[in-house]
$ cat query-v5.cif   # mmCIF, C-alpha atoms and all ligand atoms
data_structure
#
loop_
_atom_site.label_atom_id
_atom_site.label_comp_id
_atom_site.auth_asym_id
_atom_site.auth_seq_id
_atom_site.Cartn_x
_atom_site.Cartn_y
_atom_site.Cartn_z
CA MET Q 1 34.86 -5.50 37.73
CA SER Q 2 31.36 -4.17 37.25
CA ALA Q 3 29.69 -3.85 40.65
CA VAL Q 4 26.53 -1.74 40.70
CA GLU Q 5 25.34 0.10 43.83
CA ILE Q 6 21.96 1.80 43.88
CA ARG Q 7 20.96 4.05 46.77
CA ASN Q 8 17.46 5.47 47.31
CA LEU Q 9 16.65 5.64 43.59
CA TRP Q 10 13.41 7.34 42.51
CA LYS Q 11 11.95 7.99 39.07
CA GLU Q 12 8.99 10.27 38.53
CA TYR Q 13 7.36 11.53 35.35
CA GLY Q 14 5.46 14.68 36.38
CA ASP Q 15 2.98 13.59 39.07
CA GLN Q 16 3.49 9.89 38.36
CA VAL Q 17 5.92 8.06 40.62
CA VAL Q 18 7.23 5.08 38.64
CA LEU Q 19 9.96 3.78 40.95
CA GLU Q 20 10.59 4.65 44.59
CA ARG Q 21 13.24 3.93 47.22
CA ILE Q 22 15.20 1.36 45.19
CA ASN Q 23 18.24 0.12 47.09
CA LEU Q 24 20.34 -2.58 45.50
CA SER Q 25 23.89 -3.96 45.62
CA VAL Q 26 24.86 -6.09 42.66
CA PRO Q 27 28.32 -7.66 42.75
CA SER Q 28 30.38 -7.94 39.60
CA GLY Q 29 29.34 -10.86 37.39
CA GLU Q 30 25.81 -11.25 38.74
CA PHE Q 31 23.01 -12.16 36.28
CA CYS Q 32 19.83 -10.41 37.48
CA ALA Q 33 16.40 -11.12 35.99
CA LEU Q 34 13.89 -8.28 36.44
CA ILE Q 35 10.29 -9.43 36.62
CA GLY Q 36 7.03 -7.72 37.57
CA PRO Q 37 3.63 -6.62 36.25
CA SER Q 38 3.33 -4.63 33.04
CA GLY Q 39 3.99 -0.91 33.53
CA CYS Q 40 5.73 -1.27 36.91
CA GLY Q 41 8.93 0.36 35.68
CA LYS Q 42 11.30 -2.45 34.64
CA THR Q 43 12.26 -0.83 31.33
CA THR Q 44 12.54 2.56 33.04
CA PHE Q 45 15.01 0.98 35.47
CA LEU Q 46 17.01 -0.46 32.56
CA ARG Q 47 17.00 2.90 30.75
CA MET Q 48 18.43 4.55 33.86
CA MET Q 49 21.20 1.94 34.01
CA LEU Q 50 21.95 2.71 30.36
CA GLY Q 51 21.97 6.49 30.91
CA MET Q 52 19.02 7.16 28.57
CA GLU Q 53 16.98 8.40 31.56
CA GLN Q 54 18.10 10.22 34.71
CA PRO Q 55 16.82 9.30 38.18
CA THR Q 56 14.76 12.00 39.89
CA ARG Q 57 16.50 11.17 43.16
CA GLY Q 58 19.19 8.81 44.38
CA THR Q 59 22.53 7.57 43.14
CA VAL Q 60 23.86 4.77 40.97
CA THR Q 61 27.53 3.87 40.97
CA LEU Q 62 29.44 1.47 38.74
CA ASP Q 63 32.63 0.20 40.39
CA GLY Q 64 32.41 3.04 42.90
CA ALA Q 65 32.14 5.86 40.33
CA PRO Q 66 28.89 7.69 39.54
CA LEU Q 67 27.17 6.17 36.51
CA PRO Q 68 27.85 8.41 33.49
CA LYS Q 69 24.81 10.48 32.49
CA GLU Q 70 24.80 9.15 28.95
CA PRO Q 71 25.11 5.71 27.30
CA GLY Q 72 28.74 4.59 26.95
CA PRO Q 73 30.76 1.55 25.87
CA ASP Q 74 30.85 0.21 29.44
CA ARG Q 75 27.09 -0.56 29.16
CA GLY Q 76 25.53 -2.44 26.23
CA VAL Q 77 21.86 -3.01 25.50
CA VAL Q 78 19.85 -5.51 23.45
CA PHE Q 79 16.15 -4.82 22.90
CA GLN Q 80 13.34 -7.19 21.94
CA ARG Q 81 12.96 -5.69 18.48
CA TYR Q 82 15.90 -6.21 16.22
CA SER Q 83 18.06 -3.13 16.36
CA VAL Q 84 20.29 -4.06 13.44
CA PHE Q 85 20.63 -1.99 10.28
CA PRO Q 86 18.92 -3.66 7.29
CA HIS Q 87 21.18 -2.05 4.65
CA LEU Q 88 24.40 -3.34 6.27
CA THR Q 89 25.82 -6.87 6.20
CA VAL Q 90 26.45 -8.89 9.37
CA LEU Q 91 30.11 -7.80 9.36
CA GLU Q 92 29.26 -4.15 8.69
CA ASN Q 93 26.64 -4.15 11.46
CA VAL Q 94 29.17 -5.46 13.98
CA LEU Q 95 31.87 -3.07 12.75
CA LEU Q 96 29.43 -0.25 13.31
CA GLY Q 97 29.41 -1.11 17.03
CA LEU Q 98 33.16 -0.47 17.08
CA GLU Q 99 33.00 2.55 14.79
CA PHE Q 100 30.70 4.47 17.10
CA GLU Q 101 32.96 3.65 20.03
CA ARG Q 102 36.22 4.58 18.33
CA SER Q 103 35.09 7.40 16.08
CA PRO Q 104 32.08 8.90 17.89
CA LEU Q 105 31.98 12.02 15.70
CA LEU Q 106 32.06 10.35 12.30
CA GLY Q 107 30.65 6.94 13.25
CA LYS Q 108 33.00 5.50 10.64
CA LEU Q 109 36.51 4.05 10.56
CA PHE Q 110 38.77 4.25 7.54
CA GLY Q 111 41.87 2.56 6.15
CA ALA Q 112 44.21 0.91 8.65
CA ARG Q 113 41.91 1.46 11.65
CA ARG Q 114 39.02 -0.23 9.86
CA ARG Q 115 41.20 -3.13 8.72
CA ALA Q 116 42.44 -3.56 12.31
CA SER Q 117 38.85 -3.78 13.55
CA VAL Q 118 37.75 -6.49 11.10
CA PRO Q 119 39.40 -9.44 12.95
CA GLU Q 120 37.85 -8.22 16.20
CA ALA Q 121 34.40 -8.06 14.61
CA ASN Q 122 34.87 -11.49 12.99
CA ALA Q 123 35.83 -13.01 16.37
CA VAL Q 124 32.56 -11.82 17.92
CA ILE Q 125 30.57 -12.99 14.89
CA GLU Q 126 32.14 -16.41 15.44
CA GLU Q 127 31.28 -16.25 19.17
CA VAL Q 128 27.58 -15.83 18.40
CA GLY Q 129 27.66 -18.52 15.70
CA LEU Q 130 27.17 -16.36 12.60
CA ARG Q 131 30.46 -17.05 10.82
CA ASP Q 132 28.75 -18.54 7.78
CA SER Q 133 26.51 -15.49 7.41
CA VAL Q 134 29.12 -12.78 7.68
CA ASP Q 135 28.26 -11.23 4.28
CA LYS Q 136 24.50 -11.62 4.53
CA TYR Q 137 22.02 -8.80 5.13
CA PRO Q 138 19.62 -8.95 8.11
CA GLY Q 139 16.69 -9.61 5.76
CA GLU Q 140 18.38 -12.89 4.80
CA LEU Q 141 18.60 -14.04 8.46
CA SER Q 142 16.05 -15.75 10.73
CA GLY Q 143 14.69 -13.91 13.78
CA GLY Q 144 17.06 -15.77 16.10
CA MET Q 145 20.03 -14.99 13.85
CA GLN Q 146 19.10 -11.30 13.79
CA GLN Q 147 18.97 -11.31 17.56
CA ARG Q 148 22.40 -13.02 17.62
CA LEU Q 149 23.61 -10.18 15.42
CA ALA Q 150 22.16 -7.56 17.81
CA ILE Q 151 24.03 -9.31 20.65
CA ALA Q 152 27.27 -9.34 18.60
CA GLN Q 153 26.88 -5.63 17.84
CA THR Q 154 26.71 -4.93 21.57
CA LEU Q 155 29.28 -7.53 22.64
CA VAL Q 156 32.00 -6.24 20.30
CA ARG Q 157 32.38 -3.22 22.59
CA ARG Q 158 33.03 -5.61 25.50
CA PRO Q 159 30.59 -3.92 27.90
CA LYS Q 160 30.99 -4.44 31.63
CA VAL Q 161 27.24 -4.31 32.09
CA LEU Q 162 24.84 -5.97 29.64
CA LEU Q 163 21.24 -4.76 29.66
CA LEU Q 164 18.69 -7.03 28.02
CA ASP Q 165 15.09 -5.85 27.50
CA GLU Q 166 12.91 -8.86 26.66
CA PRO Q 167 15.65 -10.08 24.30
CA PHE Q 168 13.88 -13.36 23.49
CA GLY Q 169 10.29 -12.06 23.48
CA ALA Q 170 9.90 -12.22 19.70
CA LEU Q 171 11.47 -15.68 19.24
CA ASP Q 172 9.87 -19.12 18.93
CA ALA Q 173 10.35 -21.69 21.71
CA GLY Q 174 13.12 -23.70 20.01
CA THR Q 175 15.16 -20.62 19.10
CA LYS Q 176 14.72 -19.30 22.64
CA VAL Q 177 16.41 -22.38 24.12
CA GLN Q 178 19.39 -21.93 21.77
CA MET Q 179 19.59 -18.26 22.72
CA TYR Q 180 19.49 -19.10 26.45
CA GLU Q 181 22.58 -21.27 25.98
CA LEU Q 182 24.32 -18.57 23.96
CA VAL Q 183 23.64 -15.79 26.46
CA ARG Q 184 24.67 -17.94 29.44
CA ARG Q 185 27.91 -18.87 27.67
CA LEU Q 186 28.71 -15.27 26.66
CA TRP Q 187 27.92 -14.07 30.18
CA ARG Q 188 30.25 -16.66 31.74
CA GLU Q 189 33.05 -16.14 29.24
CA ASN Q 190 32.96 -12.33 29.31
CA GLY Q 191 32.35 -11.92 33.06
CA MET Q 192 29.66 -9.28 32.51
CA THR Q 193 27.08 -8.09 35.03
CA VAL Q 194 23.68 -8.67 33.40
CA PHE Q 195 20.27 -7.06 34.00
CA MET Q 196 17.56 -8.81 31.95
CA VAL Q 197 13.91 -7.70 31.85
CA THR Q 198 11.59 -10.59 31.13
CA HIS Q 199 7.84 -11.26 31.24
CA ASP Q 200 8.59 -14.96 31.45
CA VAL Q 201 9.20 -15.86 35.10
CA LYS Q 202 10.43 -19.34 34.13
CA GLU Q 203 12.97 -17.76 31.80
CA GLY Q 204 14.21 -15.55 34.63
CA PHE Q 205 14.68 -18.52 36.95
CA ALA Q 206 16.32 -20.59 34.20
CA LEU Q 207 18.94 -18.00 33.29
CA ALA Q 208 19.67 -15.71 36.20
CA THR Q 209 21.71 -15.98 39.38
CA ARG Q 210 19.30 -13.58 41.07
CA VAL Q 211 15.65 -12.68 40.46
CA LEU Q 212 14.45 -9.16 41.31
CA ALA Q 213 10.66 -8.77 41.43
CA PHE Q 214 9.36 -5.21 41.01
CA ASP Q 215 5.91 -4.23 42.29
CA LYS Q 216 4.04 -1.53 44.16
CA VAL Q 217 3.82 -2.05 47.90
CA ARG Q 218 1.55 0.97 48.40
CA ARG Q 219 -1.48 1.84 46.26
CA ASP Q 220 -3.99 4.68 46.32
CA PRO Q 221 -7.04 3.84 44.14
CA GLN Q 222 -7.87 7.58 43.96
CA ALA Q 223 -4.37 8.46 42.70
CA PRO Q 224 -2.81 5.59 40.74
CA GLY Q 225 0.43 7.53 40.14
CA ALA Q 226 1.00 8.51 43.77
CA TYR Q 227 3.25 5.56 44.58
CA GLY Q 228 5.94 3.83 42.62
CA ALA Q 229 7.20 0.26 42.44
CA ASN Q 230 9.96 -1.10 44.62
CA ILE Q 231 11.90 -4.38 44.66
CA THR Q 232 9.51 -6.63 46.56
CA TYR Q 233 11.48 -9.88 46.24
CA ASP Q 234 15.22 -10.30 45.83
CA LEU Q 235 15.90 -13.99 45.33
CA PRO Q 236 19.49 -15.23 45.03
CA LEU Q 237 19.79 -18.36 42.89
CA ASN Q 238 23.57 -18.70 43.09
CA ALA Q 239 23.57 -22.13 44.63
CA LYS Q 240 21.34 -23.41 41.85
CA ALA Q 241 23.47 -21.76 39.15
CA GLU Q 242 26.68 -23.16 40.59
CA ARG Q 243 25.11 -26.62 40.74
CA ARG Q 244 23.99 -26.31 37.11
CA ASP Q 245 27.45 -25.13 35.98
CA LEU Q 246 29.03 -28.05 37.78
CA MET Q 247 26.61 -30.43 36.06
CA GLU Q 248 27.41 -28.83 32.69
CA ARG Q 249 31.14 -29.26 33.29
CA LEU Q 250 30.62 -32.89 34.33
CA ARG Q 251 28.53 -33.52 31.21
CA VAL Q 252 31.20 -31.99 28.91
CA LYS Q 253 33.89 -34.05 30.71
CA SER Q 254 31.96 -37.30 30.39
CA GLU Q 255 31.22 -36.61 26.69
CA ALA Q 256 34.92 -35.86 26.09
CA GLY Q 257 36.13 -38.89 28.00
N1 LIG Q 301 9.13 8.91 28.79
C1 LIG Q 301 8.08 8.71 29.59
N2 LIG Q 301 7.25 9.71 29.92
C2 LIG Q 301 6.19 9.52 30.74
N3 LIG Q 301 5.88 8.33 31.30
C3 LIG Q 301 6.67 7.28 30.99
C4 LIG Q 301 7.81 7.40 30.13
N4 LIG Q 301 8.41 6.18 30.04
C5 LIG Q 301 7.67 5.34 30.80
N5 LIG Q 301 6.63 6.00 31.36
C6 LIG Q 301 5.66 5.39 32.26
O1 LIG Q 301 6.34 4.72 33.28
C7 LIG Q 301 5.64 3.53 33.66
C8 LIG Q 301 6.58 2.36 33.62
O2 LIG Q 301 6.89 2.04 32.27
P1 LIG Q 301 7.92 0.89 31.89
O3 LIG Q 301 7.96 0.78 30.41
O4 LIG Q 301 9.20 1.13 32.61
O5 LIG Q 301 7.21 -0.38 32.53
P2 LIG Q 301 7.55 -1.92 32.35
O6 LIG Q 301 7.50 -2.54 33.70
O7 LIG Q 301 8.81 -2.10 31.59
O8 LIG Q 301 6.31 -2.38 31.48
P3 LIG Q 301 6.15 -3.60 30.45
O9 LIG Q 301 6.38 -4.84 31.25
O10 LIG Q 301 4.73 -3.48 29.99
O11 LIG Q 301 7.14 -3.39 29.34
C9 LIG Q 301 4.45 3.42 32.73
O12 LIG Q 301 3.29 3.89 33.40
C10 LIG Q 301 4.80 4.34 31.58
O13 LIG Q 301 3.65 4.90 31.00
#
$ encode --input "query-v5.cif" --output "structure tokens" --more "lines below"
Ligand SMILES: Nc1ncnc2c1ncn2[C@@H]1O[C@H](COP(=O)(O)OP(=O)(O)OP(=O)(O)O)[C@@H](O)[C@H]1O
Amino acid sequence: MSAVEIRNLWKEYGDQVVLERINLSVPSGEFCALIGPSGCGKTTFLRMMLGMEQPTRGTVTLDGAPLPKEPGPDRGVVFQRYSVFPHLTVLENVLLGLEFERSPLLGKLFGARRRASVPEANAVIEEVGLRDSVDKYPGELSGGMQQRLAIAQTLVRRPKVLLLDEPFGALDAGTKVQMYELVRRLWRENGMTVFMVTHDVKEGFALATRVLAFDKVRRDPQAPGAYGANITYDLPLNAKAERRDLMERLRVKSEAG
């Protein structure tokens, strides 16, 4: 379960209203793409979901409980820029995701607890297709592989809600397509609720089950910060996604048979 309910959410920085009157119900397992013009508050929205920013007004609940006021293992994030540690191997980077969860004070696991975590980390490394690179350092990986590693680092904590901020923005077209398949598969297999910010509208429509367009409905040319953005379009794509999943299953079946 990972249903998100947002009621009358506002975010202001001083005199600048960034987001206003956001109301949204997202059932568990939905894949939402967040689109909208630059500076309209998409990343701010994501940061509030993560707990890095607090709303000025309004409430957010996750499975009926108020969203914790700080980041936690129930919510994972992947940013556009690689967030992996260059001095750690693939395995060590993924283990670090678990170490911060299980030993928040030290950020390190020792002895039996560390050994017990290694198979878990290796399983996620396998899931993202980096098994052959487990002992490599990020500098020895391609951009797409580094982004796979960032996803593994987040995924190892098995978040209920996955927050993606332009996760494919720095990748070339061919790598992007591979990453689309990976993220769709991980989303389906792990049953996460996903919020993905993207500048690429086509990408949003290709991946998501629902597209949320953010924009300002009110503007005052004399006071650009007087009004914030709202969700101006909320487009469910479930029927399309179900059709595509069915086609995928049929394709796999026909290839197998
Ligand atoms: N910590 C902050 N303090 C003050 N203003 C901020 C802060 N963070 C964001 N803003 C402002 O909030 C507005 C929305 O920024 P945000 O990064 O959320 O937009 P965005 O839609 O994600 O933009 P882009 O698509 O260009 O990444 C911007 O005007 C930005 O300057």
$ residues_near_ligand --input "query-v5.cif" --ligand "ligand LIG 301 (chain Q)" --cutoff "6 Å" --atoms "only C-alpha atoms and all ligand atoms" --output "PDB file with C-alpha atoms, in the frame of the given file"
ATOM      1  CA  TYR Q  13       7.360  11.530  35.350  1.00  0.00           C
ATOM      2  CA  VAL Q  18       7.230   5.080  38.640  1.00  0.00           C
ATOM      3  CA  PRO Q  37       3.630  -6.620  36.250  1.00  0.00           C
ATOM      4  CA  SER Q  38       3.330  -4.630  33.040  1.00  0.00           C
ATOM      5  CA  GLY Q  39       3.990  -0.910  33.530  1.00  0.00           C
ATOM      6  CA  CYS Q  40       5.730  -1.270  36.910  1.00  0.00           C
ATOM      7  CA  GLY Q  41       8.930   0.360  35.680  1.00  0.00           C
ATOM      8  CA  LYS Q  42      11.300  -2.450  34.640  1.00  0.00           C
ATOM      9  CA  THR Q  43      12.260  -0.830  31.330  1.00  0.00           C
ATOM     10  CA  THR Q  44      12.540   2.560  33.040  1.00  0.00           C
TER      11      THR Q  44
END
$ atom_distance --input "query-v5.cif" --atom1 "CA of Val156 in chain Q" --atom2 "CA of Arg75 in chain Q"
11.6 Å
$ closest_residue --input "query-v5.cif" --among "Q:Gly225, Q:Pro236, Q:Gly144, Q:Pro86" --to "Leu182 in chain Q" --atoms "only C-alpha atoms"
Q:Gly144
$ residues_around --input "query-v5.cif" --residues "Ala170 in chain Q" --least-positions-apart "4" --cutoff "8 Å" --atoms "only C-alpha atoms" --output "VMD selection string"
chain Q and resid 80 to 81 143
$ write_last_selection --input "query-v5.cif" --atoms "C-alpha atoms" --output "PDB file, in the coordinates of the input"
ATOM      1  CA  GLN Q  80      13.340  -7.190  21.940  1.00  0.00           C
ATOM      2  CA  ARG Q  81      12.960  -5.690  18.480  1.00  0.00           C
ATOM      3  CA  GLY Q 143      14.690 -13.910  13.780  1.00  0.00           C
TER       4      GLY Q 143
END
$ atom_distance --input "query-v5.cif" --atom1 "CA of Gln146 in chain Q" --atom2 "CA of Arg210 in chain Q"
27.4 Å
$ decode --input "query-v5.cif" --residues "range 24-59 of chain Q" --atoms "N, CA and C atoms" --output "CSV table (one decimal), in the first residue's frame"
chain,number,residue,atom,x,y,z
Q,24,LEU,N,-5.0,16.3,-4.5
Q,24,LEU,CA,-4.7,15.1,-5.4
Q,24,LEU,C,-4.9,13.8,-4.6
Q,25,SER,N,-5.5,12.8,-5.2
Q,25,SER,CA,-5.6,11.5,-4.7
Q,25,SER,C,-4.8,10.6,-5.6
Q,26,VAL,N,-3.8,9.9,-5.1
Q,26,VAL,CA,-3.1,9.0,-5.9
Q,26,VAL,C,-3.2,7.6,-5.3
Q,27,PRO,N,-3.9,6.7,-6.0
Q,27,PRO,CA,-3.9,5.3,-5.4
Q,27,PRO,C,-2.6,4.6,-5.4
Q,28,SER,N,-2.5,3.6,-4.6
Q,28,SER,CA,-1.3,2.8,-4.5
Q,28,SER,C,-0.9,2.2,-5.9
Q,29,GLY,N,0.3,2.3,-6.2
Q,29,GLY,CA,0.8,1.7,-7.5
Q,29,GLY,C,0.6,2.5,-8.7
Q,30,GLU,N,0.2,3.8,-8.5
Q,30,GLU,CA,0.1,4.7,-9.7
Q,30,GLU,C,1.5,5.2,-10.1
Q,31,PHE,N,1.6,5.4,-11.4
Q,31,PHE,CA,2.9,6.0,-11.9
Q,31,PHE,C,2.5,7.4,-12.5
Q,32,CYS,N,2.9,8.4,-11.8
Q,32,CYS,CA,2.5,9.8,-12.2
Q,32,CYS,C,3.7,10.5,-12.8
Q,33,ALA,N,3.5,11.1,-14.0
Q,33,ALA,CA,4.5,11.9,-14.6
Q,33,ALA,C,4.1,13.4,-14.3
Q,34,LEU,N,5.0,14.2,-13.8
Q,34,LEU,CA,4.8,15.6,-13.5
Q,34,LEU,C,5.4,16.4,-14.6
Q,35,ILE,N,4.6,17.1,-15.4
Q,35,ILE,CA,5.1,18.0,-16.4
Q,35,ILE,C,4.7,19.4,-16.2
Q,36,GLY,N,5.4,20.4,-16.9
Q,36,GLY,CA,5.0,21.8,-16.7
Q,36,GLY,C,6.2,22.7,-17.0
Q,37,PRO,N,5.9,24.0,-17.2
Q,37,PRO,CA,7.0,24.9,-17.6
Q,37,PRO,C,8.1,25.0,-16.5
Q,38,SER,N,9.3,25.4,-17.0
Q,38,SER,CA,10.4,25.5,-16.1
Q,38,SER,C,10.1,26.5,-14.9
Q,39,GLY,N,10.4,26.1,-13.7
Q,39,GLY,CA,10.2,27.0,-12.6
Q,39,GLY,C,8.8,27.0,-12.0
Q,40,CYS,N,7.9,26.1,-12.5
Q,40,CYS,CA,6.5,26.1,-12.0
Q,40,CYS,C,6.4,25.3,-10.7
Q,41,GLY,N,7.4,24.7,-10.2
Q,41,GLY,CA,7.3,24.1,-8.9
Q,41,GLY,C,7.3,22.5,-8.8
Q,42,LYS,N,7.7,21.9,-9.9
Q,42,LYS,CA,7.6,20.4,-10.0
Q,42,LYS,C,8.6,19.8,-9.0
Q,43,THR,N,9.8,20.3,-9.0
Q,43,THR,CA,10.8,19.8,-8.1
Q,43,THR,C,10.5,20.1,-6.6
Q,44,THR,N,9.9,21.3,-6.4
Q,44,THR,CA,9.5,21.7,-5.1
Q,44,THR,C,8.4,20.7,-4.6
Q,45,PHE,N,7.5,20.3,-5.5
Q,45,PHE,CA,6.5,19.3,-5.1
Q,45,PHE,C,7.1,18.0,-4.7
Q,46,LEU,N,8.1,17.6,-5.5
Q,46,LEU,CA,8.8,16.3,-5.2
Q,46,LEU,C,9.5,16.4,-3.9
Q,47,ARG,N,10.2,17.5,-3.6
Q,47,ARG,CA,10.9,17.7,-2.4
Q,47,ARG,C,10.0,17.7,-1.2
Q,48,MET,N,8.8,18.1,-1.3
Q,48,MET,CA,7.8,18.0,-0.2
Q,48,MET,C,7.4,16.6,0.0
Q,49,MET,N,7.2,15.8,-1.1
Q,49,MET,CA,6.9,14.4,-1.0
Q,49,MET,C,8.0,13.7,-0.2
Q,50,LEU,N,9.2,14.1,-0.5
Q,50,LEU,CA,10.4,13.4,0.1
Q,50,LEU,C,10.5,13.8,1.6
Q,51,GLY,N,10.1,15.0,2.0
Q,51,GLY,CA,10.2,15.5,3.3
Q,51,GLY,C,11.4,16.4,3.4
Q,52,MET,N,12.0,16.9,2.3
Q,52,MET,CA,13.1,17.8,2.3
Q,52,MET,C,12.6,19.2,2.5
Q,53,GLU,N,11.3,19.5,2.1
Q,53,GLU,CA,10.7,20.8,2.3
Q,53,GLU,C,9.4,20.6,2.9
Q,54,GLN,N,8.9,21.5,3.7
Q,54,GLN,CA,7.6,21.5,4.4
Q,54,GLN,C,6.6,22.3,3.6
Q,55,PRO,N,5.4,21.9,3.5
Q,55,PRO,CA,4.3,22.8,2.9
Q,55,PRO,C,4.1,23.9,3.8
Q,56,THR,N,3.7,25.1,3.2
Q,56,THR,CA,3.3,26.2,4.0
Q,56,THR,C,1.9,26.0,4.6
Q,57,ARG,N,1.1,25.4,3.8
Q,57,ARG,CA,-0.3,25.0,4.2
Q,57,ARG,C,-0.7,23.7,3.6
Q,58,GLY,N,-1.7,23.1,4.2
Q,58,GLY,CA,-2.2,21.8,3.7
Q,58,GLY,C,-1.6,20.6,4.3
Q,59,THR,N,-2.2,19.4,3.8
Q,59,THR,CA,-1.7,18.2,4.4
Q,59,THR,C,-1.4,17.1,3.3
